[in-house]
file coords29.cif (mmCIF, C-alpha atoms and all ligand atoms)
data_my_file
#
loop_
_atom_site.label_atom_id
_atom_site.label_comp_id
_atom_site.auth_asym_id
_atom_site.auth_seq_id
_atom_site.Cartn_x
_atom_site.Cartn_y
_atom_site.Cartn_z
CA MET A 336 123.28 65.04 185.97
CA ASP A 337 122.24 68.58 185.00
CA GLN A 338 125.00 71.13 184.68
CA ASP A 339 124.79 74.87 185.07
CA PHE A 340 126.06 76.79 182.08
CA VAL A 341 126.76 80.40 181.38
CA HIS A 342 124.09 81.60 178.97
CA PRO A 343 125.56 82.19 175.48
CA LEU A 344 124.05 85.69 175.42
CA LYS A 345 125.95 86.42 178.62
CA LEU A 346 129.15 85.36 176.87
CA PHE A 347 128.34 87.82 174.07
CA ASP A 348 127.90 90.53 176.73
CA LEU A 349 131.14 89.63 178.49
CA ALA A 350 133.10 89.78 175.24
CA LYS A 351 131.52 93.13 174.40
CA SER A 352 132.38 94.51 177.83
CA GLN A 353 135.99 93.49 177.14
CA LYS A 354 135.75 95.37 173.82
CA ARG A 355 136.43 92.28 171.74
CA PHE A 356 134.57 89.81 169.56
CA LEU A 357 133.07 86.64 171.00
CA TYR A 358 135.42 83.79 169.99
CA THR A 359 133.80 80.57 168.84
CA SER A 360 134.88 77.31 167.22
CA ALA A 361 132.78 76.01 164.37
CA PRO A 362 130.70 72.87 164.01
CA MET A 363 132.88 70.44 162.06
CA VAL A 364 131.63 67.00 161.16
CA ARG A 365 134.16 64.43 162.50
CA TYR A 366 136.41 67.01 164.18
CA SER A 367 134.74 69.26 166.75
CA LYS A 368 134.43 66.50 169.33
CA LEU A 369 134.96 66.80 173.06
CA ALA A 370 138.80 66.58 173.23
CA PHE A 371 139.11 69.21 170.50
CA ARG A 372 136.50 71.47 172.12
CA GLN A 373 138.31 71.23 175.45
CA THR A 374 141.60 72.11 173.74
CA VAL A 375 140.31 75.24 172.02
CA PHE A 376 138.51 76.25 175.23
CA GLU A 377 141.88 76.24 177.03
CA TYR A 378 143.16 78.64 174.38
CA GLY A 379 140.54 81.33 174.73
CA THR A 380 137.57 80.04 172.72
CA ASP A 381 134.41 81.26 174.47
CA LEU A 382 131.81 78.98 172.90
CA CYS A 383 132.28 75.65 171.08
CA TRP A 384 130.01 73.92 168.58
CA THR A 385 129.64 70.15 168.27
CA PRO A 386 129.65 68.61 164.79
CA MET A 387 126.22 68.49 163.13
CA VAL A 388 124.16 65.69 164.66
CA LEU A 389 121.23 64.28 162.67
CA ALA A 390 118.23 64.90 164.93
CA LYS A 391 116.15 62.03 163.59
CA GLU A 392 118.88 59.43 164.26
CA PHE A 393 119.68 60.99 167.60
CA ASN A 394 116.07 60.69 168.75
CA ARG A 395 115.70 57.08 167.69
CA ASN A 396 119.03 55.44 168.33
CA ARG A 397 120.85 55.18 171.66
CA PHE A 398 124.12 54.34 169.90
CA ALA A 399 123.82 57.50 167.80
CA ARG A 400 123.37 59.46 171.04
CA ASP A 401 126.39 57.84 172.67
CA SER A 402 128.68 58.36 169.70
CA ASP A 403 127.49 61.75 168.45
CA PHE A 404 127.53 63.76 171.66
CA THR A 405 130.01 63.30 174.49
CA ILE A 406 130.36 65.62 177.45
CA SER A 407 132.90 65.90 180.21
CA THR A 408 131.89 64.48 183.57
CA ASN A 409 135.16 65.62 185.06
CA GLY A 410 136.10 69.28 185.28
CA PRO A 411 134.53 72.27 183.63
CA GLN A 412 132.53 71.64 180.48
CA PRO A 413 133.40 74.12 177.71
CA PRO A 414 130.31 76.19 176.92
CA THR A 415 128.84 74.03 174.16
CA ILE A 416 126.27 74.47 171.43
CA VAL A 417 124.93 71.23 169.98
CA GLN A 418 124.25 71.61 166.28
CA PHE A 419 121.51 69.57 164.65
CA GLY A 420 120.58 68.73 161.11
CA ALA A 421 116.78 68.56 160.97
CA ASN A 422 113.81 69.29 158.73
CA VAL A 423 110.88 68.44 161.01
CA PRO A 424 109.97 70.74 163.92
CA LEU A 425 109.22 67.92 166.36
CA GLU A 426 112.47 66.11 165.56
CA LEU A 427 114.56 69.21 166.32
CA ALA A 428 112.50 69.92 169.44
CA ARG A 429 112.87 66.38 170.81
CA ALA A 430 116.59 66.15 170.11
CA SER A 431 117.05 69.56 171.76
CA SER A 432 115.20 68.35 174.84
CA LEU A 433 117.55 65.38 175.09
CA VAL A 434 120.70 67.51 175.08
CA ALA A 435 119.42 70.54 177.03
CA PRO A 436 120.67 69.25 180.43
CA PHE A 437 124.19 68.96 179.03
CA ALA A 438 124.63 71.95 176.71
CA SER A 439 124.37 75.74 176.67
CA GLY A 440 122.19 75.79 173.60
CA VAL A 441 121.13 74.18 170.35
CA ASP A 442 121.70 75.30 166.79
CA LEU A 443 120.15 74.40 163.45
CA ASN A 444 122.41 73.82 160.46
CA CYS A 445 121.08 75.71 157.42
CA GLY A 446 124.44 75.79 155.65
CA CYS A 447 125.63 72.27 154.81
CA PRO A 448 126.00 72.29 150.99
CA GLN A 449 126.58 68.55 150.55
CA SER A 450 124.29 66.95 148.01
CA TRP A 451 123.08 64.15 150.34
CA ALA A 452 121.98 66.75 152.92
CA CYS A 453 120.28 69.01 150.37
CA ALA A 454 118.53 66.00 148.80
CA GLU A 455 116.93 65.36 152.19
CA THR A 456 116.04 69.05 152.64
CA LEU A 457 118.66 69.41 155.33
CA GLY A 458 121.46 71.97 155.63
CA ALA A 459 121.63 74.61 152.89
CA ALA A 460 118.39 73.36 151.29
CA LEU A 461 116.63 74.95 154.27
CA MET A 462 117.70 78.36 152.96
CA GLU A 463 114.86 77.90 150.44
CA ASN A 464 112.36 77.08 153.18
CA ARG A 465 112.33 79.92 155.66
CA GLU A 466 108.88 79.17 157.11
CA LEU A 467 109.97 75.65 157.99
CA VAL A 468 113.10 76.99 159.72
CA ARG A 469 110.95 79.47 161.66
CA ASP A 470 108.56 76.68 162.67
CA MET A 471 111.45 74.48 163.80
CA VAL A 472 112.95 77.12 166.10
CA ILE A 473 109.54 78.09 167.50
CA GLU A 474 108.64 74.47 168.25
CA THR A 475 112.05 73.87 169.84
CA ARG A 476 111.75 76.91 172.05
CA GLU A 477 108.26 75.85 173.13
CA HIS A 478 109.35 72.29 173.85
CA LEU A 479 112.32 73.46 175.94
CA ARG A 480 110.09 75.90 177.82
CA ARG A 481 107.64 73.08 178.65
CA ASP A 482 110.56 70.99 179.94
CA GLY A 483 111.41 73.76 182.42
CA TRP A 484 114.29 75.40 180.55
CA ARG A 485 114.44 79.19 180.44
CA VAL A 486 114.39 80.35 176.84
CA GLY A 487 113.54 84.00 177.37
CA LYS A 488 116.84 85.17 175.80
CA GLU A 489 118.13 88.35 177.56
CA LYS A 490 115.47 87.90 180.32
CA ASP A 491 117.01 84.54 181.31
CA ILE A 492 120.64 85.46 180.86
CA ASP A 493 121.43 84.90 184.56
CA SER A 494 119.35 81.76 185.02
CA PRO A 495 121.28 78.47 185.36
CA LYS A 496 118.41 76.96 183.36
CA GLY A 497 118.84 79.47 180.51
CA ARG A 498 119.39 77.86 177.10
CA SER A 499 119.76 79.35 173.60
CA VAL A 500 118.27 78.41 170.24
CA SER A 501 120.17 79.64 167.18
CA VAL A 502 120.69 79.01 163.46
CA LYS A 503 123.72 78.97 161.17
CA ILE A 504 123.10 80.11 157.60
CA ARG A 505 124.73 80.73 154.24
CA VAL A 506 123.76 83.61 151.96
CA HIS A 507 121.82 83.55 148.69
CA LYS A 508 123.13 84.88 145.40
CA ASP A 509 120.33 87.42 145.60
CA LEU A 510 120.85 88.96 149.04
CA ARG A 511 117.21 90.07 149.20
CA LYS A 512 116.31 86.40 149.70
CA THR A 513 118.68 86.24 152.68
CA MET A 514 117.06 89.40 154.10
CA ASP A 515 113.64 87.78 153.77
CA PHE A 516 114.94 84.57 155.32
CA ILE A 517 116.38 86.34 158.37
CA THR A 518 113.29 88.53 158.78
CA THR A 519 111.04 85.45 158.87
CA VAL A 520 113.27 83.38 161.15
CA LEU A 521 113.94 86.27 163.51
CA GLY A 522 110.28 87.14 164.05
CA PRO A 523 109.10 90.07 166.16
CA ASP A 524 111.67 92.27 167.93
CA GLN A 525 109.82 92.09 171.25
CA ASP A 526 110.09 88.28 171.31
CA ARG A 527 112.46 87.09 168.58
CA HIS A 528 112.57 83.38 167.73
CA ILE A 529 116.35 82.94 167.91
CA ASP A 530 118.94 84.03 170.46
CA PHE A 531 121.70 84.69 167.92
CA LEU A 532 122.62 84.02 164.30
CA THR A 533 125.74 82.77 162.54
CA ILE A 534 126.29 83.90 158.94
CA HIS A 535 128.66 82.09 156.59
CA PRO A 536 128.83 84.69 153.80
CA ARG A 537 129.21 82.24 150.93
CA THR A 538 126.42 80.82 148.81
CA ARG A 539 125.65 77.13 148.70
CA SER A 540 127.81 76.80 145.57
CA THR A 541 130.74 79.08 146.53
CA PRO A 542 133.89 77.00 147.12
CA SER A 543 135.66 77.61 150.42
CA SER A 544 138.74 78.74 148.45
CA THR A 545 136.76 81.85 147.37
CA PRO A 546 137.01 84.61 150.00
CA ILE A 547 133.84 85.31 152.02
CA ASN A 548 131.56 88.03 150.70
CA VAL A 549 132.34 90.85 153.13
CA GLU A 550 129.93 93.27 151.39
CA SER A 551 126.97 90.98 152.05
CA LEU A 552 128.10 90.53 155.65
CA GLU A 553 128.21 94.31 156.04
CA ILE A 554 124.68 94.71 154.65
CA LEU A 555 123.22 91.90 156.78
CA THR A 556 124.88 93.01 160.00
CA SER A 557 123.93 96.64 159.51
CA THR A 558 120.32 95.57 158.86
CA PHE A 559 119.95 93.00 161.65
CA GLY A 560 122.91 93.48 164.00
CA ASP A 561 120.98 95.72 166.41
CA ARG A 562 118.18 93.15 166.66
CA VAL A 563 120.17 89.95 167.16
CA PRO A 564 123.84 89.18 167.94
CA ILE A 565 125.57 87.98 164.76
CA LEU A 566 128.67 85.78 164.36
CA VAL A 567 130.60 85.44 161.12
CA SER A 568 131.83 82.04 159.97
CA GLY A 569 134.43 82.01 157.22
CA ASP A 570 138.05 83.08 156.71
CA VAL A 571 138.75 83.73 160.40
CA PHE A 572 142.37 82.65 159.99
CA THR A 573 144.19 84.69 162.66
CA LEU A 574 143.06 87.60 164.83
CA ASN A 575 145.51 89.79 162.96
CA THR A 576 144.36 89.05 159.43
CA LEU A 577 140.56 89.30 159.51
CA PRO A 578 139.16 90.24 156.08
CA PHE A 579 137.23 93.19 157.62
CA THR A 580 137.73 95.68 160.39
CA SER A 581 135.79 96.72 163.48
CA HIS A 582 136.17 98.69 166.70
CA LEU A 583 136.40 95.24 168.36
CA VAL A 584 139.74 94.34 166.74
CA PRO A 585 143.07 96.09 167.28
CA PRO A 586 144.55 97.61 164.10
CA SER A 587 146.24 94.95 161.96
CA GLN A 588 150.00 94.48 162.33
CA ASP A 589 150.13 92.71 158.97
CA PRO A 590 151.77 95.13 156.47
CA GLN A 591 149.83 93.57 153.56
CA GLN A 592 146.50 94.16 155.28
CA GLN A 593 147.43 97.72 156.19
CA GLN A 594 147.78 98.49 152.49
CA GLN A 595 144.24 97.42 151.55
CA PRO A 596 141.37 99.41 153.03
CA LEU A 597 139.10 96.89 154.78
CA ILE A 598 135.33 97.19 155.09
CA LYS A 599 134.23 98.12 158.60
CA ILE A 600 131.62 95.84 160.19
CA PRO A 601 130.62 97.65 163.38
CA LYS A 602 127.51 95.56 164.10
CA LEU A 603 129.26 92.18 164.08
CA ALA A 604 129.41 90.55 167.54
CA GLY A 605 131.68 87.54 167.12
CA LEU A 606 133.91 85.23 165.12
CA MET A 607 133.62 81.55 164.29
CA SER A 608 136.62 79.65 162.96
CA ALA A 609 136.65 76.20 161.32
CA ARG A 610 139.63 75.28 159.12
CA ALA A 611 142.06 77.66 160.82
CA ILE A 612 141.27 76.56 164.37
CA LEU A 613 141.58 72.94 163.28
CA ALA A 614 145.16 73.74 162.23
CA ASN A 615 145.84 76.10 165.14
CA PRO A 616 143.61 75.54 168.20
CA ALA A 617 145.46 78.42 169.92
CA LEU A 618 144.45 81.08 167.41
CA TYR A 619 142.19 83.02 169.78
CA ALA A 620 145.02 83.13 172.32
CA GLY A 621 146.87 85.25 169.77
CA TYR A 622 149.17 82.59 168.28
CA ASP A 623 149.56 82.98 164.51
CA ALA A 624 150.78 79.37 164.16
CA CYS A 625 150.09 76.26 166.21
CA PRO A 626 152.37 76.03 169.30
CA TRP A 627 153.68 72.69 170.62
CA SER A 628 151.82 73.34 173.84
CA ALA A 629 148.51 73.02 171.92
CA VAL A 630 149.59 69.59 170.65
CA GLU A 631 150.37 68.60 174.22
CA THR A 632 147.03 69.92 175.48
CA PHE A 633 145.16 68.06 172.73
CA MET A 634 146.93 64.77 173.50
CA ASN A 635 146.14 65.17 177.20
CA LYS A 636 142.48 65.74 176.40
CA VAL A 637 142.43 62.74 174.06
CA ALA A 638 143.81 60.55 176.86
CA LYS A 639 140.73 61.39 178.93
CA ALA A 640 138.12 61.80 176.17
CA PRO A 641 139.35 59.31 173.55
CA LEU A 642 138.94 59.68 169.80
CA PRO A 643 139.52 57.00 167.17
CA PHE A 644 143.30 56.72 166.56
CA LYS A 645 143.03 57.64 162.85
CA LEU A 646 141.13 60.78 163.79
CA VAL A 647 143.82 61.72 166.34
CA LEU A 648 146.42 61.36 163.58
CA HIS A 649 144.35 63.51 161.28
CA HIS A 650 144.02 66.25 163.90
CA LEU A 651 147.76 66.15 164.53
CA SER A 652 148.63 66.31 160.86
CA GLU A 653 146.46 69.45 160.62
CA MET A 654 148.08 70.97 163.72
CA CYS A 655 151.63 70.13 162.66
CA ALA A 656 151.27 71.44 159.07
CA PRO A 657 151.37 75.08 157.91
CA GLY A 658 148.17 76.82 159.06
CA MET A 659 145.68 79.03 157.22
CA GLY A 660 147.25 82.38 158.19
CA PRO A 661 150.27 84.11 156.65
CA ASN A 662 152.71 82.46 159.11
CA LYS A 663 153.52 79.24 157.27
CA ASN A 664 155.91 77.84 159.90
CA ALA A 665 154.96 74.23 160.61
CA LEU A 666 155.72 72.15 163.70
CA LEU A 667 156.73 69.23 161.46
CA SER A 668 158.12 69.08 157.93
CA LYS A 669 156.24 67.12 155.26
CA PRO A 670 158.45 63.99 155.62
CA GLU A 671 158.09 64.22 159.42
CA ARG A 672 154.31 64.38 159.08
CA ALA A 673 154.41 61.33 156.83
CA ALA A 674 156.48 59.52 159.49
CA MET A 675 153.94 60.53 162.13
CA LEU A 676 151.08 59.16 160.03
CA ALA A 677 152.94 55.83 159.88
CA CYS A 678 152.62 55.42 163.68
CA SER A 679 150.29 52.53 164.34
CA ASN A 680 149.40 53.10 168.00
CA THR A 681 149.25 55.77 170.70
CA VAL A 682 152.48 54.75 172.46
CA ASP A 683 154.49 55.03 169.22
CA LEU A 684 152.79 58.33 168.48
CA ILE A 685 153.68 59.80 171.88
CA ASP A 686 157.29 58.62 171.53
CA PHE A 687 157.43 60.20 168.09
CA LEU A 688 156.03 63.54 169.29
CA ASP A 689 158.28 63.55 172.34
CA GLU A 690 161.38 63.06 170.24
CA LYS A 691 160.42 65.82 167.80
CA ARG A 692 159.53 68.16 170.63
CA ALA A 693 162.81 67.50 172.45
CA ARG A 694 164.73 68.30 169.27
CA VAL A 695 162.86 71.60 168.85
CA LEU A 696 163.56 72.52 172.48
CA GLN A 697 167.25 71.82 172.07
CA GLN A 698 167.32 74.05 169.02
CA GLN A 699 165.43 76.78 170.87
CA GLU A 700 167.70 76.55 173.87
CA ALA A 701 170.69 76.79 171.59
CA SER A 702 169.28 79.98 170.08
CA GLN A 703 167.99 81.20 173.49
CA ASP A 704 164.56 81.62 171.94
CA ASN A 705 161.86 79.80 173.79
CA GLY A 706 158.90 80.85 171.65
CA ALA A 707 156.65 77.86 172.24
CA GLY A 708 154.53 79.06 175.09
CA GLY A 709 157.18 78.72 177.81
CA VAL A 710 156.93 74.93 178.20
CA VAL A 711 160.36 73.48 178.86
CA ALA A 712 160.06 70.01 180.40
CA SER A 713 159.30 66.92 178.33
CA VAL A 714 155.74 67.91 177.53
CA PHE A 715 154.35 64.42 177.18
CA ASP A 716 155.59 63.20 180.59
CA GLY A 717 152.29 64.13 182.25
CA LEU A 718 150.39 62.29 179.56
CA ARG A 719 152.45 59.13 180.06
CA ARG A 720 151.76 59.33 183.79
CA ASP A 721 148.01 59.73 183.11
CA MET A 722 147.98 56.69 180.86
CA GLN A 723 149.79 54.40 183.30
C1 LIG A 801 135.81 69.52 158.14
C2 LIG A 801 134.65 70.46 158.17
C3 LIG A 801 133.44 70.03 158.69
C4 LIG A 801 132.34 70.90 158.74
N1 LIG A 801 131.18 70.50 159.33
C5 LIG A 801 130.16 71.41 159.51
C6 LIG A 801 129.01 71.08 160.28
O1 LIG A 801 128.89 69.97 160.84
N2 LIG A 801 128.04 72.01 160.41
C7 LIG A 801 128.15 73.26 159.84
O2 LIG A 801 127.24 74.09 160.01
N3 LIG A 801 129.23 73.60 159.13
C8 LIG A 801 130.24 72.72 158.98
N4 LIG A 801 131.38 73.10 158.31
C9 LIG A 801 131.48 74.49 157.80
C10 LIG A 801 132.20 75.37 158.85
O3 LIG A 801 131.50 75.39 160.07
C11 LIG A 801 132.40 76.80 158.34
O4 LIG A 801 131.14 77.42 158.19
C12 LIG A 801 133.16 76.87 157.01
O5 LIG A 801 134.23 75.93 156.98
C13 LIG A 801 133.76 78.26 156.79
O6 LIG A 801 134.62 78.59 157.83
P1 LIG A 801 136.24 78.58 157.68
O7 LIG A 801 136.60 79.50 156.54
O8 LIG A 801 136.68 79.08 159.04
O9 LIG A 801 136.66 77.18 157.38
C14 LIG A 801 132.47 72.24 158.24
C15 LIG A 801 133.70 72.65 157.71
C16 LIG A 801 134.79 71.78 157.68
C17 LIG A 801 136.12 72.29 157.13
#

call {"tool": "encode", "arguments": {"input": "coords29.cif", "output": "structure tokens"}}
result
Amino acid sequence: MDQDFVHPLKLFDLAKSQKRFLYTSAPMVRYSKLAFRQTVFEYGTDLCWTPMVLAKEFNRNRFARDSDFTISTNGPQPPTIVQFGANVPLELARASSLVAPFASGVDLNCGCPQSWACAETLGAALMENRELVRDMVIETREHLRRDGWRVGKEKDIDSPKGRSVSVKIRVHKDLRKTMDFITTVLGPDQDRHIDFLTIHPRTRSTPSSTPINVESLEILTSTFGDRVPILVSGDVFTLNTLPFTSHLVPPSQDPQQQQQPLIKIPKLAGLMSARAILANPALYAGYDACPWSAVETFMNKVAKAPLPFKLVLHHLSEMCAPGMGPNKNALLSKPERAAMLACSNTVDLIDFLDEKRARVLQQQEASQDNGAGGVVASVFDGLRRDMQ
């Protein structure tokens, strides 16, 4: 069953016409699966990435296909980019062909720093092999074109068969190498090889606790931002506390941020969040901490697009803990989260969440402050009905 998707470049245009960044959720191994993508989509995320899928396994193994990529057959599919790990042009092209009927586009991971990936010349190791990356995206585009997909970028923006091919990169210590990499992968302006580019401005060895390198982002976007739409991945914690400024974000309300002059990045087109959106799937809807309604939405999605129980618990412990932004209010205290993790099945888990939620509502009613998205009934009632 083919589905019609809005072309990712059209989403970039729509966001721009609304004078805001494009909002995207990052590829996250284990986590960015269907129920999570559907949840963040309900809270304003424009474009969602799958976790990295190994193209070679995907091409050869039906079970890998069934477990690595799930789509919704019921209701709107969030605009989805399938991310692959690959190092052979034909492998990426074939895997892309397999998913093209069910996704808005495909993306190549050139950022995974893990040693197993680099040892196999996957992920960040590709940052040392720009010709191979160029060949992979060219072959993929050609293969998709032969299959009847429209890969003409802006020319095919309104075609239901339009699909995108993109890459996600890290930066080098010597930024000139990153400039060379992008120049090669981008190709000629009149027919560039990629639709858009995601930059994670950390090197392969920078820990994620070190802030992103905003200066390198500024240089790369001012050099390439007029030639290709660019997303930033890294430290997108809340919309109010971005580590840079732009005409596409309202002035920060955070007094701490107002004190430090932030670098302006006028050529940046969009944001990608990983750790923060895991903790707060509602961040693009303007919430600075995870609301209960997002927990409810997630559980409803899980009922229809199941995840392994341990993974559900892990998602919930992220969502119920203090998030990545300055608002450190948590839905559950540490002992409460430990009690939640002790639940051994979905029914116990729903009872647990219902009880905690009811307590919070009582407290809010007592203080006349319903700050949790306006949901007042027992939020898990609908879920119970769905499961019966
Ligand atoms: C749990 C987890 C899994 C990740 N998996 C992937 C992945 O499959 N592909 C990828 O390109 N990046 C992956 N990343 C990196 C993120 O996409 C992102 O680039 C990085 O975490 C920086 O963004 P952040 O500061 O918003 O977390 C992962 C990150 C986390 C935390």

call {"tool": "closest_residue", "arguments": {"input": "coords29.cif", "among": "A:Ile554, A:Val584, A:Ala460, A:Ala435", "to": "Val500 of chain A", "atoms": "only C-alpha atoms"}}
result
A:Ala435

call {"tool": "closest_atom_pairs", "arguments": {"input": "coords29.cif", "of": "chain A", "to": "ligand LIG 801 (chain A)", "cutoff": "6 Å", "atoms": "only C-alpha atoms and all ligand atoms", "output": "CSV"}}
result
residue,atom,partner,partner_atom,distance
A:Ala361,CA,A:LIG801,O3,4.5
A:Pro362,CA,A:LIG801,C6,4.5
A:Met363,CA,A:LIG801,N1,3.2
A:Val364,CA,A:LIG801,N1,4.0
A:Pro386,CA,A:LIG801,O1,4.2
A:Met387,CA,A:LIG801,O1,3.8
A:Asn444,CA,A:LIG801,O2,4.9
A:Gly446,CA,A:LIG801,O2,5.5
A:Cys447,CA,A:LIG801,C7,5.7
A:His535,CA,A:LIG801,O4,5.5
A:Ser568,CA,A:LIG801,O6,4.9
A:Gly569,CA,A:LIG801,O7,3.4
A:Asp570,CA,A:LIG801,O7,3.9
A:Val571,CA,A:LIG801,O8,5.3
A:Ser608,CA,A:LIG801,O8,4.0
A:Ala609,CA,A:LIG801,O8,3.7
A:Arg610,CA,A:LIG801,O9,3.9
A:Ala611,CA,A:LIG801,O8,5.8

call {"tool": "residues_around", "arguments": {"input": "coords29.cif", "residues": "Val486 of chain A", "least_positions_apart": "2", "cutoff": "12 Å", "atoms": "all atoms listed in the file", "output": "NGL selection string"}}
result
:A and (342-344 or 435 or 439-441 or 472-484 or 488-501 or 526-530)

call {"tool": "residues_around", "arguments": {"input": "coords29.cif", "residues": "Asn662 of chain A", "least_positions_apart": "5", "cutoff": "9 Å", "atoms": "all atoms listed in the file", "output": "number ranges by chain"}}
result
A: 623-624, 657

call {"tool": "atom_distance", "arguments": {"input": "coords29.cif", "atom1": "atom CA of Gly458 of chain A", "atom2": "atom CA of Cys445 of chain A"}}
result
4.2 Å

call {"tool": "decode", "arguments": {"input": "coords29.cif", "residues": "segment 433-444 of chain A", "atoms": "N, CA and C atoms", "output": "PDB file, in the first residue's frame"}}
result
ATOM      1  N   LEU A 433      13.223  -0.223  -0.823  1.00  0.00           N
ATOM      2  CA  LEU A 433      12.258  -1.018  -0.044  1.00  0.00           C
ATOM      3  C   LEU A 433      11.355  -0.135   0.822  1.00  0.00           C
ATOM      4  N   VAL A 434      11.921   0.956   1.347  1.00  0.00           N
ATOM      5  CA  VAL A 434      11.094   1.771   2.257  1.00  0.00           C
ATOM      6  C   VAL A 434      10.382   2.931   1.547  1.00  0.00           C
ATOM      7  N   ALA A 435      10.788   3.236   0.314  1.00  0.00           N
ATOM      8  CA  ALA A 435      10.256   4.437  -0.347  1.00  0.00           C
ATOM      9  C   ALA A 435       8.719   4.495  -0.387  1.00  0.00           C
ATOM     10  N   PRO A 436       8.010   3.358  -0.550  1.00  0.00           N
ATOM     11  CA  PRO A 436       6.543   3.477  -0.565  1.00  0.00           C
ATOM     12  C   PRO A 436       5.961   3.915   0.780  1.00  0.00           C
ATOM     13  N   PHE A 437       6.742   3.798   1.839  1.00  0.00           N
ATOM     14  CA  PHE A 437       6.182   4.002   3.181  1.00  0.00           C
ATOM     15  C   PHE A 437       6.826   5.153   3.947  1.00  0.00           C
ATOM     16  N   ALA A 438       7.657   5.945   3.306  1.00  0.00           N
ATOM     17  CA  ALA A 438       8.371   7.005   4.024  1.00  0.00           C
ATOM     18  C   ALA A 438       8.509   8.242   3.142  1.00  0.00           C
ATOM     19  N   SER A 439       8.780   9.380   3.801  1.00  0.00           N
ATOM     20  CA  SER A 439       8.938  10.634   3.059  1.00  0.00           C
ATOM     21  C   SER A 439      10.325  10.752   2.447  1.00  0.00           C
ATOM     22  N   GLY A 440      11.290  10.059   3.075  1.00  0.00           N
ATOM     23  CA  GLY A 440      12.643  10.170   2.568  1.00  0.00           C
ATOM     24  C   GLY A 440      13.575   9.221   3.292  1.00  0.00           C
ATOM     25  N   VAL A 441      14.817   9.188   2.825  1.00  0.00           N
ATOM     26  CA  VAL A 441      15.830   8.343   3.458  1.00  0.00           C
ATOM     27  C   VAL A 441      17.035   9.208   3.810  1.00  0.00           C
ATOM     28  N   ASP A 442      17.761   8.756   4.831  1.00  0.00           N
ATOM     29  CA  ASP A 442      18.862   9.548   5.363  1.00  0.00           C
ATOM     30  C   ASP A 442      20.026   8.601   5.630  1.00  0.00           C
ATOM     31  N   LEU A 443      21.236   9.119   5.461  1.00  0.00           N
ATOM     32  CA  LEU A 443      22.422   8.302   5.724  1.00  0.00           C
ATOM     33  C   LEU A 443      23.095   8.809   6.994  1.00  0.00           C
ATOM     34  N   ASN A 444      23.360   7.881   7.907  1.00  0.00           N
ATOM     35  CA  ASN A 444      24.009   8.244   9.171  1.00  0.00           C
ATOM     36  C   ASN A 444      25.522   8.350   8.970  1.00  0.00           C
TER      37      ASN A 444
END
